[in-house]
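Structure, as structure tokens:
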2 protein chains.
Amino acid sequence: MNVGTPKARDVPHRHQPLRLRRLGIDTHQEAVIYMRSDCHVCRAEGFSAHARVRVESTGRSIIATLNQVTSDLLRDGEASLSEAGWRLLHAQEGNEITLSHPAPVVSLGRVRAKVFGERLRHDAFAEIVRDIVAGRYSDIELSSFVTACSARGLDRNETEALTRAMIDAGESLEWGRSPIVDKHCVGGLPGNRTTPIVVAIVAACGLTIPKTSSRAITSPAGTADTMETLAPVDLDIPSMRRVVEREGGCIVSGGAMRLSPADDVLIRIERALDLDSEGQLVASVISKKVAAGSTHLVLDLPVGPTAKVRGPEAAEALARSLVGTAAAFGVEARVVLSDGVQPVGRGIGPALEARDVLAVLRGEPDAPADLRARSVRLAGALLELAGAAEAGTGEVRSGRVLSDGGAWDKFQRICAAQGGMRVPPTADYRQPIVAKAAGRIAAIDNRRIARVAKLSGAPEAKAAGVALHVRLGDRIGVGDPLYSIHAESPGELAYAQEYAAANQDLIGVEDT
Amino acid sequence: MNVGTPKARDVPHRHQPLRLRRLGIDTHQEAVIYMRSDCHVCRAEGFSAHARVRVESTGRSIIATLNQVTSDLLRDGEASLSEAGWRLLHAQEGNEITLSHPAPVVSLGRVRAKVFGERLRHDAFAEIVRDIVAGRYSDIELSSFVTACSARGLDRNETEALTRAMIDAGESLEWGRSPIVDKHCVGGLPGNRTTPIVVAIVAACGLTIPKTSSRAITSPAGTADTMETLAPVDLDIPSMRRVVEREGGCIVSGGAMRLSPADDVLIRIERALDLDSEGQLVASVISKKVAAGSTHLVLDLPVGPTAKVRGPEAAEALARSLVGTAAAFGVEARVVLSDGVQPVGRGIGPALEARDVLAVLRGEPDAPADLRARSVRLAGALLELAGAAEAGTGEVRSGRVLSDGGAWDKFQRICAAQGGMRVPPTADYRQPIVAKAAGRIAAIDNRRIARVAKLSGAPEAKAAGVALHVRLGDRIGVGDPLYSIHAESPGELAYAQEYAAANQDLIGVEDT
């Protein structure tokens, strides 16, 4: 038997350190390390293309995907990171790094078990979420986790376990008082931008509503995207506290707060895949609310053939899961089912929706009545749930606060406290889409109209989106404008137009 | 109603072209485009970080993932591609490119349908596979497809449809004669390197066996990896034909032949995820065999508690699926179930396995008896299936051809025809792992021993792997070597040792 001499004992496992040089490559969230393919560390450690590599510097470490550089982009002894890598490692230009093989990411075995149908328990989700937050999953691995949870589904216990894991992996807010109220709309209904109005009403009524909203996942605008056209939303926790202490409410982006940092990572993958399954949706919503310190929560669930929730059974199941999971964390939740057959208001896209919000708050005569009615209903439910209004009186009180200017006043104060009110931008490129036939508007496809808005550039392009000119039941003639596409660039306008032209039936016109 | 002037009509949709400059960044298979974040095309088209972008040049187009460059790595008017992007686009330094928003990849809707449990038909798989081969899927999207097929499973019709789609997307070989024989081992059993021996025996008996093998998916060595240490394997189709016309057989890598190019893409993702589900496994195997022009096929299916197939029911199901899918394409297949309780031969890893193969072919006295017996059994089954031996006589004939040197002679001729026989490399770094207790070897964990071999660098490091010194039933004393780790670099040796130290029970020793 020839086993040779154990040479490894004599060879140091760590090598001459490499020095980091910034190349300024933005891969979005994935940490990538760029190394020369003839680099001594690559050779000595046996790294190969697309290996996952452990990178250590000044006491921190990350796992990065290796991209090899075959040119002189990097000099001998240099390596670089993607911008996400610099962030995760807290690295500086010129820092020394040491490289090694990462320990196997044990939680990936749990992901595979889920793929093959195993039910996961809390410890498994805790491991997975911890590794995700630490940046130990590649994009390929994140995609597999998101897909497995969608394909296999999450049962009640799993949803609760994932929710707890997501809360534990982030920051939590304590308010030292009760009730802390909150609302959330389970997306899928374009233009349903009630949050800024509800916060203004409820805070004007004296309740505490520290609202953190997310950016869009697969829709043309999230509340944070819309609100950002009206005021700064990227507040840190102390700044948010100051706003809430002063005004009783805020509307800020949860993204920077790390209230559920795993969710922020998973959302990007869900968006890329256009996947947003029930279990992950519930864990995403409830983890953020619990971490934000909420005690009472109203959930708006629009139901319609082209909304995210398509029928009463699906709505029932989702409502049970939301309320049950919330209760497991001591949060009293109430679901308000609402009509999801057509978009709400006129605008779809951050700035266009902001304009609808302003119209309602200011009580303008042509303010969208549906957006107003929905906001009043949700605010009323919150007032009742939190004991600030007798059962049956919440809506009336909400409507009064809106009519008498109290909500508008409160909203302006909140914007000022968040850093100053802004005027939503307008789009330079616009194009009306007109009716080819006369008749009555019989159907509006929420998904496809949202797609037009996304193709036009929303939510990244704040001014982009769709302005609807018709509602269900309207009578129209040939050549009447159905909606207008707004875009910030000609390329995006053309792209959205092309889709609109190929999907003229997204607004159904009935012969009369 | 204010819809503005339709300015877009006056603005050209295409912009000043950018010029390509090579940065030499190897992202493995994903096409990435690098563009300055302040680039006029980025702004005008509204691309944002991580967008998917359509890149066109000299009549070809690809979809690439956008990485933005925030430094002066690229000059104004320049863009770059990852090495995979250059390859897919057939682009040259200095080529002009035009960029636009890609049409939505329609087949991704099919992938989502699969995630949510829909059964896919042939047209859906055909669309998906076509888009994958054209490089239209990002790594995130590929991962979702692989995971969805694993989590939801593929039924018989889906497996056949995916197989057909994979065949249609690549090249097919015609031999103008029958039978064309082939063998395949459904992996999971380390060291089970029968193929070179079977090909030599069967070709020596006058049958035609144009064997294309794959590289490792999730194992420490594929047949192509092992064979490459003995002779060149990256032959193109004309060269392969010349070898087969002259010698009746070959053992080459299928990777460069584009016999099932979708499989080559999917394998990389399956490897990264360590996922290799039944339907995809069957489609992968049968598509390659049909495309290679096989008419008769013997499949080796090792069964054991730590093999890929763990029990008789799973083996039955997989065998039915393999034979049924093969029959749908006119291929007569027979499954040989074999004992999969422990590794075969002594070596695990390309060069170490090659040495076992040589020992059997040369009839060396200490050649691994189990590897010889398995090879003879499979070759015998092939001779019988193809009508070259009476039922019940195949094994005897195979054994004779091996003993009388006919197979060894044929193997050397095949190696010479493929470009010249090679001597497998040996590893510079080795370390024996010794027994901590005396007793009898009661169990060997195939998966964990394979993991040690992978951590030591196999299959990329050809000389790396594990040399087993014991077999089930052996009696050992304290300090006796159980196996040795072979590595080409000290880092890899240390890494494998660490895992071995933490997994001492991967070889189970029973008190006697």
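The way I read the labels, and the way they are meant: chains A, B, ... in the order of the structure tokens, residue 1 as the first residue of every chain, and ligand 1 as the first ligand shown, with later ones counted on from there.
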
Selection: 10 Å around Leu235 in chain B, only C-alpha atoms, excl. self and same-chain fewer than 5 positions, as an MDAnalysis selection string: chainID B and resid 212 240:241 243 251:257 418:419

Output of the above residues as a short mmCIF file (atom, residue, chain, number, x, y, z; two decimals), in the first residue's frame, restricted to C-alpha atoms:
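What landed in again.cif:
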```cif
data_model
loop_
_atom_site.label_atom_id
_atom_site.label_comp_id
_atom_site.auth_asym_id
_atom_site.auth_seq_id
_atom_site.Cartn_x
_atom_site.Cartn_y
_atom_site.Cartn_z
CA THR B 212 -20.35 8.96 -25.40
CA MET B 240 -15.37 9.98 -33.27
CA ARG B 241 -16.79 8.36 -36.44
CA VAL B 243 -12.45 5.85 -34.32
CA ILE B 251 -15.17 6.17 -25.16
CA VAL B 252 -15.50 9.92 -25.74
CA SER B 253 -17.08 12.87 -23.98
CA GLY B 254 -20.57 13.72 -25.17
CA GLY B 255 -20.21 17.30 -23.95
CA ALA B 256 -18.66 18.75 -27.10
CA MET B 257 -21.00 16.83 -29.46
CA GLN B 418 -8.63 8.64 -29.98
CA GLY B 419 -5.28 10.39 -30.01
#
```

Could you give me, as JSON, numbers by chain, the residues within 12 Å of Thr194 in chain B, counting only C-alpha atoms and dropping anything in the same chain fewer than 5 positions from it? {"B": [183, 184, 185, 186, 187, 189, 199, 200, 201, 213, 222, 223, 226, 227, 251, 299, 300, 344, 345, 353, 354, 356, 357, 358, 360, 361, 368, 369, 370, 371, 372, 373, 374, 375, 376, 377, 378, 379]}

Just write the chosen residues, N, CA and C atoms, as an mmCIF file, in the first residue's frame.
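Result file follows (again-v7.cif):
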```cif
data_model
loop_
_atom_site.group_PDB
_atom_site.id
_atom_site.type_symbol
_atom_site.label_atom_id
_atom_site.label_comp_id
_atom_site.auth_asym_id
_atom_site.auth_seq_id
_atom_site.Cartn_x
_atom_site.Cartn_y
_atom_site.Cartn_z
ATOM 1 N N LYS B 183 -24.204 1.294 -23.220
ATOM 2 C CA LYS B 183 -24.490 0.981 -21.817
ATOM 3 C C LYS B 183 -24.461 2.279 -21.024
ATOM 4 N N HIS B 184 -25.157 2.240 -19.900
ATOM 5 C CA HIS B 184 -25.150 3.416 -19.039
ATOM 6 C C HIS B 184 -25.327 2.972 -17.604
ATOM 7 N N CYS B 185 -24.580 3.589 -16.722
ATOM 8 C CA CYS B 185 -24.767 3.309 -15.302
ATOM 9 C C CYS B 185 -25.416 4.519 -14.650
ATOM 10 N N VAL B 186 -26.533 4.268 -13.948
ATOM 11 C CA VAL B 186 -27.178 5.340 -13.208
ATOM 12 C C VAL B 186 -26.399 5.509 -11.919
ATOM 13 N N GLY B 187 -25.676 6.606 -11.865
ATOM 14 C CA GLY B 187 -24.603 6.884 -10.892
ATOM 15 C C GLY B 187 -24.910 6.570 -9.449
ATOM 16 N N LEU B 189 -22.733 5.193 -7.305
ATOM 17 C CA LEU B 189 -21.870 4.204 -6.684
ATOM 18 C C LEU B 189 -20.424 4.553 -7.029
ATOM 19 N N VAL B 199 -16.809 -1.512 -23.056
ATOM 20 C CA VAL B 199 -16.620 -1.113 -24.458
ATOM 21 C C VAL B 199 -15.535 -1.970 -25.109
ATOM 22 N N ALA B 200 -14.449 -2.182 -24.376
ATOM 23 C CA ALA B 200 -13.342 -2.970 -24.933
ATOM 24 C C ALA B 200 -13.791 -4.405 -25.224
ATOM 25 N N ILE B 201 -14.523 -5.016 -24.286
ATOM 26 C CA ILE B 201 -14.994 -6.394 -24.469
ATOM 27 C C ILE B 201 -15.939 -6.483 -25.671
ATOM 28 N N SER B 213 -19.794 9.516 -23.143
ATOM 29 C CA SER B 213 -20.000 9.559 -21.697
ATOM 30 C C SER B 213 -20.013 10.993 -21.224
ATOM 31 N N GLY B 222 -16.944 11.303 -13.541
ATOM 32 C CA GLY B 222 -17.768 10.707 -14.576
ATOM 33 C C GLY B 222 -16.844 9.869 -15.449
ATOM 34 N N THR B 223 -17.460 9.032 -16.307
ATOM 35 C CA THR B 223 -16.614 8.194 -17.164
ATOM 36 C C THR B 223 -15.699 9.059 -18.034
ATOM 37 N N THR B 226 -12.702 10.128 -16.039
ATOM 38 C CA THR B 226 -11.757 9.023 -15.845
ATOM 39 C C THR B 226 -11.017 8.700 -17.145
ATOM 40 N N MET B 227 -11.788 8.565 -18.233
ATOM 41 C CA MET B 227 -11.196 8.185 -19.514
ATOM 42 C C MET B 227 -10.193 9.226 -19.983
ATOM 43 N N ILE B 251 -14.687 5.655 -26.447
ATOM 44 C CA ILE B 251 -15.173 6.168 -25.161
ATOM 45 C C ILE B 251 -14.817 7.649 -25.170
ATOM 46 N N LEU B 299 -28.627 -0.961 -18.990
ATOM 47 C CA LEU B 299 -28.530 0.042 -17.932
ATOM 48 C C LEU B 299 -28.157 -0.623 -16.621
ATOM 49 N N ASP B 300 -27.082 -0.165 -16.027
ATOM 50 C CA ASP B 300 -26.624 -0.679 -14.735
ATOM 51 C C ASP B 300 -27.241 0.180 -13.640
ATOM 52 N N VAL B 344 -17.130 0.409 -5.672
ATOM 53 C CA VAL B 344 -16.577 -0.643 -6.521
ATOM 54 C C VAL B 344 -15.087 -0.353 -6.739
ATOM 55 N N GLY B 345 -14.293 -1.397 -6.744
ATOM 56 C CA GLY B 345 -12.853 -1.208 -6.956
ATOM 57 C C GLY B 345 -12.222 -0.525 -5.762
ATOM 58 N N GLU B 353 -9.552 5.757 -10.397
ATOM 59 C CA GLU B 353 -10.441 4.786 -11.030
ATOM 60 C C GLU B 353 -9.819 4.242 -12.308
ATOM 61 N N ALA B 354 -9.088 5.098 -13.029
ATOM 62 C CA ALA B 354 -8.438 4.662 -14.262
ATOM 63 C C ALA B 354 -7.437 3.547 -13.958
ATOM 64 N N ASP B 356 -7.667 1.321 -11.606
ATOM 65 C CA ASP B 356 -8.430 0.079 -11.409
ATOM 66 C C ASP B 356 -8.820 -0.524 -12.766
ATOM 67 N N VAL B 357 -9.247 0.343 -13.696
ATOM 68 C CA VAL B 357 -9.649 -0.111 -15.030
ATOM 69 C C VAL B 357 -8.478 -0.808 -15.724
ATOM 70 N N LEU B 358 -7.314 -0.184 -15.655
ATOM 71 C CA LEU B 358 -6.126 -0.767 -16.293
ATOM 72 C C LEU B 358 -5.786 -2.132 -15.676
ATOM 73 N N VAL B 360 -7.775 -4.332 -14.323
ATOM 74 C CA VAL B 360 -8.710 -5.359 -14.798
ATOM 75 C C VAL B 360 -8.397 -5.735 -16.241
ATOM 76 N N LEU B 361 -8.184 -4.724 -17.102
ATOM 77 C CA LEU B 361 -7.946 -5.003 -18.526
ATOM 78 C C LEU B 361 -6.646 -5.792 -18.727
ATOM 79 N N PRO B 368 -9.144 -5.353 -8.987
ATOM 80 C CA PRO B 368 -10.365 -5.464 -8.168
ATOM 81 C C PRO B 368 -11.352 -6.463 -8.781
ATOM 82 N N ALA B 369 -11.641 -7.512 -8.017
ATOM 83 C CA ALA B 369 -12.495 -8.589 -8.529
ATOM 84 C C ALA B 369 -13.921 -8.098 -8.782
ATOM 85 N N ASP B 370 -14.390 -7.180 -7.942
ATOM 86 C CA ASP B 370 -15.784 -6.724 -8.100
ATOM 87 C C ASP B 370 -15.942 -5.912 -9.386
ATOM 88 N N LEU B 371 -14.961 -5.102 -9.714
ATOM 89 C CA LEU B 371 -15.048 -4.306 -10.943
ATOM 90 C C LEU B 371 -15.030 -5.237 -12.163
ATOM 91 N N ARG B 372 -14.200 -6.266 -12.091
ATOM 92 C CA ARG B 372 -14.137 -7.228 -13.192
ATOM 93 C C ARG B 372 -15.482 -7.943 -13.341
ATOM 94 N N ALA B 373 -16.027 -8.438 -12.244
ATOM 95 C CA ALA B 373 -17.272 -9.214 -12.308
ATOM 96 C C ALA B 373 -18.426 -8.372 -12.858
ATOM 97 N N ARG B 374 -18.517 -7.125 -12.414
ATOM 98 C CA ARG B 374 -19.589 -6.245 -12.894
ATOM 99 C C ARG B 374 -19.452 -5.975 -14.387
ATOM 100 N N SER B 375 -18.223 -5.747 -14.825
ATOM 101 C CA SER B 375 -17.994 -5.448 -16.244
ATOM 102 C C SER B 375 -18.371 -6.641 -17.107
ATOM 103 N N VAL B 376 -17.977 -7.831 -16.669
ATOM 104 C CA VAL B 376 -18.272 -9.046 -17.418
ATOM 105 C C VAL B 376 -19.786 -9.269 -17.497
ATOM 106 N N ARG B 377 -20.472 -8.995 -16.403
ATOM 107 C CA ARG B 377 -21.921 -9.198 -16.371
ATOM 108 C C ARG B 377 -22.614 -8.246 -17.349
ATOM 109 N N LEU B 378 -22.214 -6.989 -17.330
ATOM 110 C CA LEU B 378 -22.852 -5.992 -18.206
ATOM 111 C C LEU B 378 -22.524 -6.255 -19.676
ATOM 112 N N ALA B 379 -21.270 -6.599 -19.955
ATOM 113 C CA ALA B 379 -20.876 -6.890 -21.336
ATOM 114 C C ALA B 379 -21.647 -8.113 -21.833
#
```

From a backbone DSSP assignment, name each residue in range 263-485 of chain B labelled strand (DSSP E or B), as number ranges by chain. B: 296-303, 309, 332-339, 347-348, 429-434, 439-444, 465-468, 475-476, 481-485

Output N, CA and C atoms for every residue in the selection just made, as a CSV table (one decimal), in the first residue's frame.
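Generated output (part_7.csv):
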```
chain,number,residue,atom,x,y,z
B,296,HIS,N,-29.7,-0.7,-28.9
B,296,HIS,CA,-29.8,-1.6,-27.8
B,296,HIS,C,-29.0,-1.1,-26.6
B,297,LEU,N,-29.6,-1.1,-25.5
B,297,LEU,CA,-29.0,-0.4,-24.4
B,297,LEU,C,-29.1,-1.2,-23.1
B,298,VAL,N,-28.0,-1.4,-22.4
B,298,VAL,CA,-28.0,-2.0,-21.1
B,298,VAL,C,-27.8,-1.0,-20.0
B,299,LEU,N,-28.6,-1.0,-19.0
B,299,LEU,CA,-28.5,0.0,-17.9
B,299,LEU,C,-28.2,-0.6,-16.6
B,300,ASP,N,-27.1,-0.2,-16.0
B,300,ASP,CA,-26.6,-0.7,-14.7
B,300,ASP,C,-27.2,0.2,-13.6
B,301,LEU,N,-28.0,-0.5,-12.7
B,301,LEU,CA,-28.7,0.3,-11.7
B,301,LEU,C,-28.2,-0.3,-10.3
B,302,PRO,N,-27.2,0.3,-9.7
B,302,PRO,CA,-26.8,-0.1,-8.4
B,302,PRO,C,-27.8,0.3,-7.3
B,303,VAL,N,-28.1,-0.7,-6.5
B,303,VAL,CA,-29.1,-0.4,-5.4
B,303,VAL,C,-28.5,-0.7,-4.0
B,309,VAL,N,-30.0,4.9,-5.9
B,309,VAL,CA,-31.3,4.2,-5.8
B,309,VAL,C,-31.2,3.3,-4.5
B,332,GLU,N,-34.3,-0.7,-27.6
B,332,GLU,CA,-34.5,-1.8,-26.7
B,332,GLU,C,-33.6,-1.7,-25.5
B,333,ALA,N,-34.1,-1.6,-24.3
B,333,ALA,CA,-33.3,-1.4,-23.1
B,333,ALA,C,-33.5,-2.5,-22.1
B,334,ARG,N,-32.4,-2.9,-21.4
B,334,ARG,CA,-32.5,-3.9,-20.3
B,334,ARG,C,-31.8,-3.3,-19.1
B,335,VAL,N,-32.5,-3.4,-18.0
B,335,VAL,CA,-31.9,-2.9,-16.7
B,335,VAL,C,-31.3,-4.1,-16.0
B,336,VAL,N,-30.0,-3.9,-15.5
B,336,VAL,CA,-29.3,-4.9,-14.7
B,336,VAL,C,-29.2,-4.3,-13.3
B,337,LEU,N,-30.0,-4.8,-12.3
B,337,LEU,CA,-29.8,-4.3,-11.0
B,337,LEU,C,-28.6,-4.9,-10.4
B,338,SER,N,-27.8,-4.1,-9.7
B,338,SER,CA,-26.6,-4.6,-9.1
B,338,SER,C,-26.4,-4.1,-7.7
B,339,ASP,N,-25.6,-4.8,-7.0
B,339,ASP,CA,-25.4,-4.5,-5.5
B,339,ASP,C,-24.7,-3.2,-5.3
B,347,GLY,N,-10.3,2.7,-6.2
B,347,GLY,CA,-10.1,4.1,-6.4
B,347,GLY,C,-11.5,4.9,-6.6
B,348,ILE,N,-11.5,6.1,-6.1
B,348,ILE,CA,-12.6,7.0,-6.3
B,348,ILE,C,-12.1,8.3,-6.7
B,429,TYR,N,-0.2,15.1,-2.8
B,429,TYR,CA,-0.5,15.2,-1.4
B,429,TYR,C,-1.4,14.1,-1.0
B,430,ARG,N,-1.0,13.3,-0.1
B,430,ARG,CA,-1.8,12.1,0.4
B,430,ARG,C,-1.8,12.0,1.9
B,431,GLN,N,-2.8,11.4,2.4
B,431,GLN,CA,-3.0,11.3,3.8
B,431,GLN,C,-3.8,10.1,4.1
B,432,PRO,N,-3.3,9.1,4.9
B,432,PRO,CA,-4.1,8.0,5.2
B,432,PRO,C,-5.0,8.3,6.4
B,433,ILE,N,-6.2,7.8,6.4
B,433,ILE,CA,-7.2,7.9,7.5
B,433,ILE,C,-7.2,6.5,8.2
B,434,VAL,N,-6.9,6.5,9.5
B,434,VAL,CA,-6.7,5.2,10.1
B,434,VAL,C,-7.8,4.8,11.1
B,439,GLY,N,-12.0,-4.1,14.8
B,439,GLY,CA,-13.3,-4.8,14.5
B,439,GLY,C,-13.4,-5.2,13.1
B,440,ARG,N,-14.7,-5.3,12.7
B,440,ARG,CA,-15.0,-5.8,11.3
B,440,ARG,C,-15.7,-4.6,10.6
B,441,ILE,N,-15.3,-4.4,9.3
B,441,ILE,CA,-16.0,-3.3,8.5
B,441,ILE,C,-17.4,-3.7,8.2
B,442,ALA,N,-18.4,-2.9,8.8
B,442,ALA,CA,-19.8,-3.3,8.7
B,442,ALA,C,-20.5,-2.4,7.7
B,443,ALA,N,-20.0,-1.2,7.4
B,443,ALA,CA,-20.8,-0.4,6.5
B,443,ALA,C,-19.8,0.7,5.9
B,444,ILE,N,-20.1,1.0,4.6
B,444,ILE,CA,-19.3,2.1,4.0
B,444,ILE,C,-20.3,3.1,3.4
B,465,GLY,N,-8.8,12.3,-5.0
B,465,GLY,CA,-9.8,11.3,-4.7
B,465,GLY,C,-9.5,10.5,-3.5
B,466,VAL,N,-10.1,9.3,-3.4
B,466,VAL,CA,-9.9,8.5,-2.3
B,466,VAL,C,-9.5,7.1,-2.8
B,467,ALA,N,-8.5,6.5,-2.1
B,467,ALA,CA,-8.1,5.1,-2.3
B,467,ALA,C,-8.5,4.3,-1.1
B,468,LEU,N,-9.5,3.4,-1.4
B,468,LEU,CA,-10.0,2.6,-0.3
B,468,LEU,C,-9.1,1.5,0.0
B,475,ARG,N,-11.4,-7.5,8.6
B,475,ARG,CA,-11.1,-7.3,10.0
B,475,ARG,C,-9.9,-6.3,10.0
B,476,ILE,N,-10.0,-5.4,11.0
B,476,ILE,CA,-9.0,-4.4,11.1
B,476,ILE,C,-8.6,-4.2,12.5
B,481,PRO,N,-4.9,1.5,8.2
B,481,PRO,CA,-5.4,2.5,7.3
B,481,PRO,C,-6.8,2.1,6.7
B,482,LEU,N,-7.8,2.9,6.7
B,482,LEU,CA,-9.1,2.6,6.1
B,482,LEU,C,-9.1,3.1,4.7
B,483,TYR,N,-8.7,4.3,4.5
B,483,TYR,CA,-8.6,4.9,3.1
B,483,TYR,C,-7.5,6.0,3.1
B,484,SER,N,-7.1,6.4,1.9
B,484,SER,CA,-6.2,7.5,1.8
B,484,SER,C,-6.8,8.6,1.0
B,485,ILE,N,-6.6,9.8,1.4
B,485,ILE,CA,-7.0,11.0,0.6
B,485,ILE,C,-5.9,11.4,-0.3
```

Residues near Val331 in chain A, cut-off 12 Å, only C-alpha atoms, skip fewer than 2 positions along chain, as a PyMOL selection string: chain A and resi 178-183+286-298+322-329+333-334+385-386

Give me the residues within 8 Å of range 22-26 of chain A as a ChimeraX atom specification, counting only C-alpha atoms and dropping any in the same chain fewer than 3 places off. /A:80-84,93 /B:34,49,67-71,73

If you count only C-alpha atoms, which residues fall within 9 Å of Ala438 in chain B, apart from same-chain ones fewer than 4 positions away, as a PyMOL selection string? chain B and resi 475-480+509-512

Straight-line distance linking CA of Lys410 in chain B with CA of Ala204 in chain B, stated in Å to one decimal: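 If I compute the distance from CA of Lys410 in chain B to CA of Ala204 in chain B, I get 5.9 Å.
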
All residues 6 Å or closer to range 106-118 of chain A, only C-alpha atoms, same chain fewer than 4 positions away omitted, as a ChimeraX atom specification: /A:127-128,145,148 /B:151

DSSP-assigned helix (DSSP H, G or I) members of range 311-500 of chain A, reported as a PyMOL selection string: chain A and resi 312-328+350-362+369-385+394-403+406-418+446-455+490-500

Using CA of His486 in chain B and CA of Arg362 in chain B as the two end points, give the distance in Å to one decimal.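 For CA of His486 in chain B relative to CA of Arg362 in chain B, the distance reads 23.9 Å.
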
Arg422 in chain A: which residues within 7 Å, counting only C-alpha atoms, same-chain residues fewer than 2 positions away excluded, as a list in words?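 The residues satisfying every condition are Thr229, Leu230, Ala231, Gly420 and Pro424 of chain A.
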
Take the residues from that selection and put them in a file with C-alpha atoms, as a CSV table (one decimal), in the first residue's frame.
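Done, and the output landed in selection-v2.csv:
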```csv
chain,number,residue,atom,x,y,z
A,229,THR,CA,-42.4,60.4,-4.7
A,230,LEU,CA,-44.1,62.4,-1.8
A,231,ALA,CA,-41.4,62.3,0.9
A,420,GLY,CA,-39.9,67.3,3.5
A,424,PRO,CA,-44.4,63.6,-7.7
```

Of the listed residues B:Ser61, B:Ala307, B:Ala458, B:Pro196, that which approaches Ala359 in chain B most closely, counting only C-alpha atoms: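 Once distances to Ala359 in chain B are computed over only C-alpha atoms, the minimum belongs to B:Pro196.
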